[in-house]
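See below for the structure under consideration.
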Amino acid sequence: MSFDKLRFAIQDGDAAAAKTLTSALVDSGSVPAEILNQAMLPGMSVVGARFRDREIFLPDVLLAARAMKAAMAVLEPLLLRDRVPSAGAIVLGTVRGDLHDIGKNLVSVMLQGAGYRVVDLGSDVEPDAFIDAAVDEGASVIGMSALLTTTMTEMAAVVGRIRERELHGRVRTIVGGAAVSEAFACEIGADAYASDAMTAVDRVKAMMAANPSI
Ligand code: B1M
């Protein structure tokens, strides 16, 4: 079965079809990471471009997001299947004012798949809530996602609060999301940047190796 049908189901916001097609692809032996990278993510990219070009509107994006989540629900257990025992804890969330959580959820699944315990705070997370959770959970890494140019500045607020609370060097930060770049991460003093979920795992591994817990 081709990946195109699933890509179209996500673009069209058809959650039932997205779920059925993902299950069918899995049953026919397709590799979960390929389903994700060759059908689901390209589908969301098309949705983003169409929304930007005003070819579709917010309700269409919401439907596409639901379809993406329905497909992810099928893949998630498979991506987590080979999980190894916890290699450390990481606090993860989407920053204050930002409700986009699909990419953050993907990062969470990949990190869990790599053996990390993820404390997922959800979306619209206050700066100090990230830090409180890291202290409470003994997590040496805080991961932040931002999709809006208006909310990416919240990442700088978290980095600033880590310094003010004298936790710098003990709690490290990784940032990502469509609005964020390597240059921005450097500018705000974040410890790492990742453009995608797989790279996020590599960056977290490197940080955890240097500093497994606070
Ligand atoms: Co919104 N939205 N949205 N949206 N939305 C964008 C981000 C936008 C680029 C669309 C566009 O104009 N082309 C635009 C932002 C423009 C800007 O700021 N420059 C936009 C806008 C404007 C808005 C609203 C303001 C619209 C409005 O109300 N007028 C509004 C804001 C609401 C809010 O947050 N306060 C809004 C709302 C929504 C929905 C609720 C409808 C829905 C979100 C549903 C949800 O997440 N539960 C939505 C969606 C779906 C999108 C697009 C189309 C798709 C985002 C997505 O899920 N992509 C998006 C367009 C786009 O990004 N091209 C858009 C798939 C996902 C897998 O990718 O999240 O980038 P992404 O994650 C990647 C990497 O970035 C990285 O790994 C992931 C996988 O490889 N990554 C990390 C992500 N987090 C990471 C963290 C890391 C490391 C890597 O370390 C911790």
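For the structure tokens, the naming scheme is as follows: chains receive sequential letters (A, B, ...) according to their order of presentation, residues are indexed from 1 within each chain, and ligands are indexed from 1 in presentation order.
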Contact residues around segment 146-162 of chain A with only C-alpha atoms at 10 Å, ignoring same-chain residues under 3 positions, as number ranges by chain: A: 93-101, 103-104, 123-131, 142-143, 165-180, 184-185, 187-191
Within 9 Å of Ser108 of chain A using only C-alpha atoms, minus same-chain residues under 6 positions, as a ChimeraX atom specification: /A:92,118-120,197
Residues from the last selection, N, CA, C and O atoms, saved as a PDB file, in the first residue's frame:
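Okay, this is what ended up in part_7.pdb:
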```pdb
ATOM      1  N   LEU A  92       9.513  18.025  29.714  1.00  0.00           N
ATOM      2  CA  LEU A  92       9.209  18.473  28.354  1.00  0.00           C
ATOM      3  C   LEU A  92       7.898  19.255  28.332  1.00  0.00           C
ATOM      4  O   LEU A  92       6.972  18.934  29.081  1.00  0.00           O
ATOM      5  N   VAL A 118      10.053  10.596  30.525  1.00  0.00           N
ATOM      6  CA  VAL A 118       9.653  11.939  30.112  1.00  0.00           C
ATOM      7  C   VAL A 118       8.547  12.446  31.039  1.00  0.00           C
ATOM      8  O   VAL A 118       7.507  11.805  31.193  1.00  0.00           O
ATOM      9  N   VAL A 119       8.803  13.599  31.656  1.00  0.00           N
ATOM     10  CA  VAL A 119       7.782  14.259  32.464  1.00  0.00           C
ATOM     11  C   VAL A 119       7.172  15.317  31.542  1.00  0.00           C
ATOM     12  O   VAL A 119       7.738  16.393  31.345  1.00  0.00           O
ATOM     13  N   ASP A 120       6.027  14.974  30.940  1.00  0.00           N
ATOM     14  CA  ASP A 120       5.438  15.841  29.920  1.00  0.00           C
ATOM     15  C   ASP A 120       4.433  16.792  30.578  1.00  0.00           C
ATOM     16  O   ASP A 120       3.400  16.364  31.086  1.00  0.00           O
ATOM     17  N   ALA A 197      12.736  15.410  15.859  1.00  0.00           N
ATOM     18  CA  ALA A 197      12.659  14.572  17.056  1.00  0.00           C
ATOM     19  C   ALA A 197      13.858  13.636  17.196  1.00  0.00           C
ATOM     20  O   ALA A 197      14.343  13.403  18.313  1.00  0.00           O
TER      21      ALA A 197
END
```
Sel. of strand (DSSP E or B) residues, segment 40-97 of chain A, as a ChimeraX atom specification: /A:89-95
Neighbour list for Gly48 of chain A as JSON, numbers by chain, cut-off 12 Å, only C-alpha atoms, skip fewer than 4 positions in-chain: {"A": [10, 11, 41, 42, 43, 44, 52, 53, 54, 55, 56, 57, 58, 60, 61, 62, 64, 65, 147, 178]}
DSSP alpha helix (DSSP H) selection over segment 57-101 of chain A, as a ChimeraX atom specification: /A:58-80
